[in-house]
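Peer 1: Here it is: the structure, laid out below.
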Amino acid sequence: MASTKLEVLNTLIVGATSSIGGSTTRAFVTAGHRVLATSRQETTRPKEPRITWSDLDLTSAKSIEAFTTSAVPGFGPLDVVVVMAGILPGKQLADYQDEEIDLVMNVNFMGPARLIRSLLPHFREEAHIILTSSVSGERGSYDPIYAASKAALIGFTKSLATWLAPNVRVNALAPALVQDSTMYEDMAPERREKHAQDSPAGQLTTLEEIADLVLQLVGPAWSRTSGAVISIDSIPKQ
C-alpha cells in the first residue's frame, strides 16, 4: 500500500479545468507534486509552469490511446490518478435522446474505464486511483442516467480495488452538491439552499475541502484504505 515517506508524486488529474478538478490541481501543485493535467479545451487552461497539460477526450478511443501512448510515457510512471471529468444534463428519463444517454455514459463511466485500462502498464507500485462518483450513484437522482453512470463507477471502484490489490489501491469520492462548483452556479438559489438544509451539518462542502480530502487520501494516513466509497455530504460545523 502507499508509502509512509514524504515524496513528490507523479499525479494525473483528468478533468483539471472543471471546478473541482481545478481546485484539486492547485492543491497538488501547492503541495509540491508533479501534475499532468488534462482537458478538452486548451483555451480554458490556466498558465502554470508546474503543470503539464495534455489533450484528452474521454468520449474518443483514439484520444485515450494517443494520450496513454504519448503524454503519459513522456511524463513518467504514475503514482496517483484522479478522475474528475463528468457531465450532468439534469434531465428526466423521458427527456433523454439516445445520443445523450450514450454521451453521459461515455463521459462518466465508459471513458474513465477505458482510460484506466490503458493506464495499467504505467502505474508505479503503491499507486492510487481516485474516481469521482456522486451521492446520486448511491441514492438515486432526478436524472436517472447520471445516477446510473455514477453507480457504475462505484461498482468499478470496488472491483478494481480487489483485482489490483495489493499494488494499486482504488477509492471513490461520492460528493453531494459542492459550493461554488459549476453545478452549484447553474442551480437556482432556492435549490442550493434546499441542498444545504438537507445536509447533516446544514452547509455545503467547498471546493477547497474536496481538494484537501484528495490530498489526504494519497497520504500515509489512508494507506490501508482501498475499495471505499467516501460520501461527502457536508462538513462538520466548527
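Following the order of the C-alpha cells, first chain is A, next is B, and so on, with residues numbered from 1 inside each chain and ligands from 1 in the order they appear.
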Just the residues within 12 Å of Ser70 of chain A, please, counting only C-alpha atoms, with nothing from its chain fewer than 5 positions along; format it as a list in words.

Peer 2: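 The contact residues come out as Ser54, Asp55, Leu56, Lys62, Ser63, Ile64, Glu65, Phe75, Gly76, Ser118, Leu119 and His122 of chain A.
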
Peer 1: So which residues touch Gly90 of chain A within 10 Å, counting only C-alpha atoms, skipping near sequence neighbours fewer than 3 positions away, as a compact mmCIF listing (two decimals) with C-alpha atoms, in the first residue's frame?

Peer 2:
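What follows is the written file out.txt:
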```txt
# COMPACT_ATOMS: atom_id res chain seq x y z
CA ILE A 87 -21.36 15.79 -17.10
CA LEU A 93 -35.63 9.88 -18.45
CA ASP A 95 -36.46 13.89 -21.99
CA TYR A 96 -33.32 11.97 -22.95
CA SER A 141 -31.41 11.14 -8.66
CA TYR A 142 -33.93 13.20 -10.59
CA ASP A 143 -31.60 12.42 -13.53
CA PRO A 144 -31.57 8.58 -13.65
CA ILE A 145 -28.96 8.31 -16.42
CA TYR A 146 -26.49 10.44 -14.49
CA MET A 183 -23.31 22.55 -10.74
```

Peer 1: Env of segment 30-35 of chain A: 8 Å cut, atoms = only C-alpha atoms, seq-sep filter 4 positions within chain, self excluded. Answer as a compact mmCIF listing (two decimals) with C-alpha atoms, in the first residue's frame.

Peer 2:
```
# COMPACT_ATOMS: atom_id res chain seq x y z
CA VAL A 8 6.88 14.01 -4.82
CA LEU A 9 4.03 12.17 -6.50
CA ASN A 10 3.54 11.94 -10.25
CA THR A 11 -0.14 12.84 -10.39
CA LEU A 12 -2.56 12.67 -13.30
CA ILE A 13 -5.71 14.77 -12.90
CA THR A 25 -4.88 20.56 -9.35
CA ARG A 26 -3.90 23.71 -7.48
CA ARG A 50 4.45 23.36 -12.75
CA ILE A 51 1.54 21.76 -14.64
CA THR A 52 1.99 19.68 -17.79
```

Peer 1: Residues at most 12 Å from Thr24 of chain A, counting only C-alpha atoms, excluding those fewer than 2 positions away in the same chain, as a PyMOL selection string?

Peer 2: chain A and resi 11-22+26-31+33+35+37+81-84+130+206-216

Peer 1: Kindly indicate which residue among A:Ala85, A:Ile129, A:Ala152, A:Leu36 lies nearest to Ala165 of chain A, using only C-alpha atoms for the distances.

Peer 2: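 Among A:Ala85, A:Ile129, A:Ala152, A:Leu36, it is A:Ile129 that comes nearest to Ala165 of chain A.
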
Peer 1: If you run DSSP on the backbone here, which positions in segment 21-167 of chain A get strand (DSSP E)? Please write them as a PyMOL selection string.

Peer 2: chain A and resi 34-39+51-55+78-83+123-132

Peer 1: Would you save the residues from that selection as a PDB file, in the first residue's frame, using N, CA and C atoms?

Peer 2:
```pdb
ATOM      1  N   ARG A  34       4.202  16.732  -8.853  1.00  0.00           N
ATOM      2  CA  ARG A  34       4.197  16.931 -10.300  1.00  0.00           C
ATOM      3  C   ARG A  34       2.810  16.576 -10.824  1.00  0.00           C
ATOM      4  N   VAL A  35       2.267  17.412 -11.702  1.00  0.00           N
ATOM      5  CA  VAL A  35       0.895  17.212 -12.169  1.00  0.00           C
ATOM      6  C   VAL A  35       0.840  17.167 -13.688  1.00  0.00           C
ATOM      7  N   LEU A  36       0.253  16.105 -14.206  1.00  0.00           N
ATOM      8  CA  LEU A  36      -0.141  16.005 -15.607  1.00  0.00           C
ATOM      9  C   LEU A  36      -1.641  16.224 -15.629  1.00  0.00           C
ATOM     10  N   ALA A  37      -2.083  17.332 -16.226  1.00  0.00           N
ATOM     11  CA  ALA A  37      -3.492  17.726 -16.195  1.00  0.00           C
ATOM     12  C   ALA A  37      -4.093  17.612 -17.590  1.00  0.00           C
ATOM     13  N   THR A  38      -5.334  17.171 -17.662  1.00  0.00           N
ATOM     14  CA  THR A  38      -5.984  17.022 -18.958  1.00  0.00           C
ATOM     15  C   THR A  38      -7.252  17.847 -19.051  1.00  0.00           C
ATOM     16  N   SER A  39      -7.574  18.218 -20.283  1.00  0.00           N
ATOM     17  CA  SER A  39      -8.847  18.876 -20.584  1.00  0.00           C
ATOM     18  C   SER A  39      -9.112  18.729 -22.072  1.00  0.00           C
ATOM     19  N   ILE A  51       2.554  22.694 -14.129  1.00  0.00           N
ATOM     20  CA  ILE A  51       1.544  21.764 -14.640  1.00  0.00           C
ATOM     21  C   ILE A  51       1.865  21.428 -16.090  1.00  0.00           C
ATOM     22  N   THR A  52       1.866  20.137 -16.411  1.00  0.00           N
ATOM     23  CA  THR A  52       1.994  19.682 -17.792  1.00  0.00           C
ATOM     24  C   THR A  52       0.588  19.413 -18.317  1.00  0.00           C
ATOM     25  N   TRP A  53       0.176  20.151 -19.339  1.00  0.00           N
ATOM     26  CA  TRP A  53      -1.169  19.994 -19.881  1.00  0.00           C
ATOM     27  C   TRP A  53      -1.173  19.051 -21.088  1.00  0.00           C
ATOM     28  N   SER A  54      -2.272  18.319 -21.222  1.00  0.00           N
ATOM     29  CA  SER A  54      -2.419  17.423 -22.364  1.00  0.00           C
ATOM     30  C   SER A  54      -3.883  17.331 -22.768  1.00  0.00           C
ATOM     31  N   ASP A  55      -4.123  17.146 -24.061  1.00  0.00           N
ATOM     32  CA  ASP A  55      -5.480  16.947 -24.554  1.00  0.00           C
ATOM     33  C   ASP A  55      -5.959  15.548 -24.200  1.00  0.00           C
ATOM     34  N   LEU A  78       3.129   6.661 -13.052  1.00  0.00           N
ATOM     35  CA  LEU A  78       2.098   7.365 -12.280  1.00  0.00           C
ATOM     36  C   LEU A  78       1.991   6.837 -10.854  1.00  0.00           C
ATOM     37  N   ASP A  79       1.974   7.769  -9.901  1.00  0.00           N
ATOM     38  CA  ASP A  79       1.700   7.435  -8.504  1.00  0.00           C
ATOM     39  C   ASP A  79       0.228   7.614  -8.159  1.00  0.00           C
ATOM     40  N   VAL A  80      -0.398   8.626  -8.772  1.00  0.00           N
ATOM     41  CA  VAL A  80      -1.782   8.974  -8.445  1.00  0.00           C
ATOM     42  C   VAL A  80      -2.530   9.309  -9.731  1.00  0.00           C
ATOM     43  N   VAL A  81      -3.747   8.796  -9.848  1.00  0.00           N
ATOM     44  CA  VAL A  81      -4.654   9.182 -10.924  1.00  0.00           C
ATOM     45  C   VAL A  81      -5.964   9.631 -10.278  1.00  0.00           C
ATOM     46  N   VAL A  82      -6.384  10.851 -10.575  1.00  0.00           N
ATOM     47  CA  VAL A  82      -7.647  11.386 -10.058  1.00  0.00           C
ATOM     48  C   VAL A  82      -8.530  11.725 -11.256  1.00  0.00           C
ATOM     49  N   VAL A  83      -9.666  11.056 -11.377  1.00  0.00           N
ATOM     50  CA  VAL A  83     -10.577  11.295 -12.496  1.00  0.00           C
ATOM     51  C   VAL A  83     -11.742  12.149 -12.013  1.00  0.00           C
ATOM     52  N   PHE A 123       1.369   2.364 -14.044  1.00  0.00           N
ATOM     53  CA  PHE A 123       1.300   2.632 -12.614  1.00  0.00           C
ATOM     54  C   PHE A 123       2.562   2.158 -11.906  1.00  0.00           C
ATOM     55  N   ARG A 124       3.051   3.009 -11.010  1.00  0.00           N
ATOM     56  CA  ARG A 124       4.089   2.567 -10.101  1.00  0.00           C
ATOM     57  C   ARG A 124       3.477   1.643  -9.053  1.00  0.00           C
ATOM     58  N   GLU A 125       4.317   0.840  -8.411  1.00  0.00           N
ATOM     59  CA  GLU A 125       3.839   0.057  -7.282  1.00  0.00           C
ATOM     60  C   GLU A 125       3.430   1.022  -6.180  1.00  0.00           C
ATOM     61  N   GLU A 126       2.357   0.707  -5.480  1.00  0.00           N
ATOM     62  CA  GLU A 126       1.766   1.537  -4.429  1.00  0.00           C
ATOM     63  C   GLU A 126       1.025   2.745  -5.004  1.00  0.00           C
ATOM     64  N   ALA A 127       0.586   2.664  -6.252  1.00  0.00           N
ATOM     65  CA  ALA A 127      -0.168   3.755  -6.861  1.00  0.00           C
ATOM     66  C   ALA A 127      -1.583   3.817  -6.281  1.00  0.00           C
ATOM     67  N   HIS A 128      -2.264   4.916  -6.581  1.00  0.00           N
ATOM     68  CA  HIS A 128      -3.604   5.142  -6.031  1.00  0.00           C
ATOM     69  C   HIS A 128      -4.484   5.774  -7.103  1.00  0.00           C
ATOM     70  N   ILE A 129      -5.640   5.167  -7.345  1.00  0.00           N
ATOM     71  CA  ILE A 129      -6.640   5.694  -8.268  1.00  0.00           C
ATOM     72  C   ILE A 129      -7.807   6.243  -7.450  1.00  0.00           C
ATOM     73  N   ILE A 130      -8.232   7.472  -7.769  1.00  0.00           N
ATOM     74  CA  ILE A 130      -9.406   8.067  -7.129  1.00  0.00           C
ATOM     75  C   ILE A 130     -10.394   8.456  -8.218  1.00  0.00           C
ATOM     76  N   LEU A 131     -11.575   7.874  -8.172  1.00  0.00           N
ATOM     77  CA  LEU A 131     -12.629   8.155  -9.138  1.00  0.00           C
ATOM     78  C   LEU A 131     -13.696   9.019  -8.475  1.00  0.00           C
ATOM     79  N   THR A 132     -14.302   9.903  -9.249  1.00  0.00           N
ATOM     80  CA  THR A 132     -15.327  10.791  -8.697  1.00  0.00           C
ATOM     81  C   THR A 132     -16.708  10.302  -9.091  1.00  0.00           C
TER      82      THR A 132
END
```

Peer 1: Here is a test: counting only C-alpha atoms, which residue of A:Glu100, A:Glu138, A:Asp57, A:Glu7 is nearest to Pro175 of chain A?

Peer 2: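 Among the listed residues, the smallest separation from Pro175 of chain A belongs to A:Glu138.
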
Peer 1: Which residue, A:Val135, A:Val104, A:Ala176, A:Ala228, has the smallest gap to Thr157 of chain A when you use only C-alpha atoms?

Peer 2: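 So, comparing all the options, the nearest one is A:Ala228.
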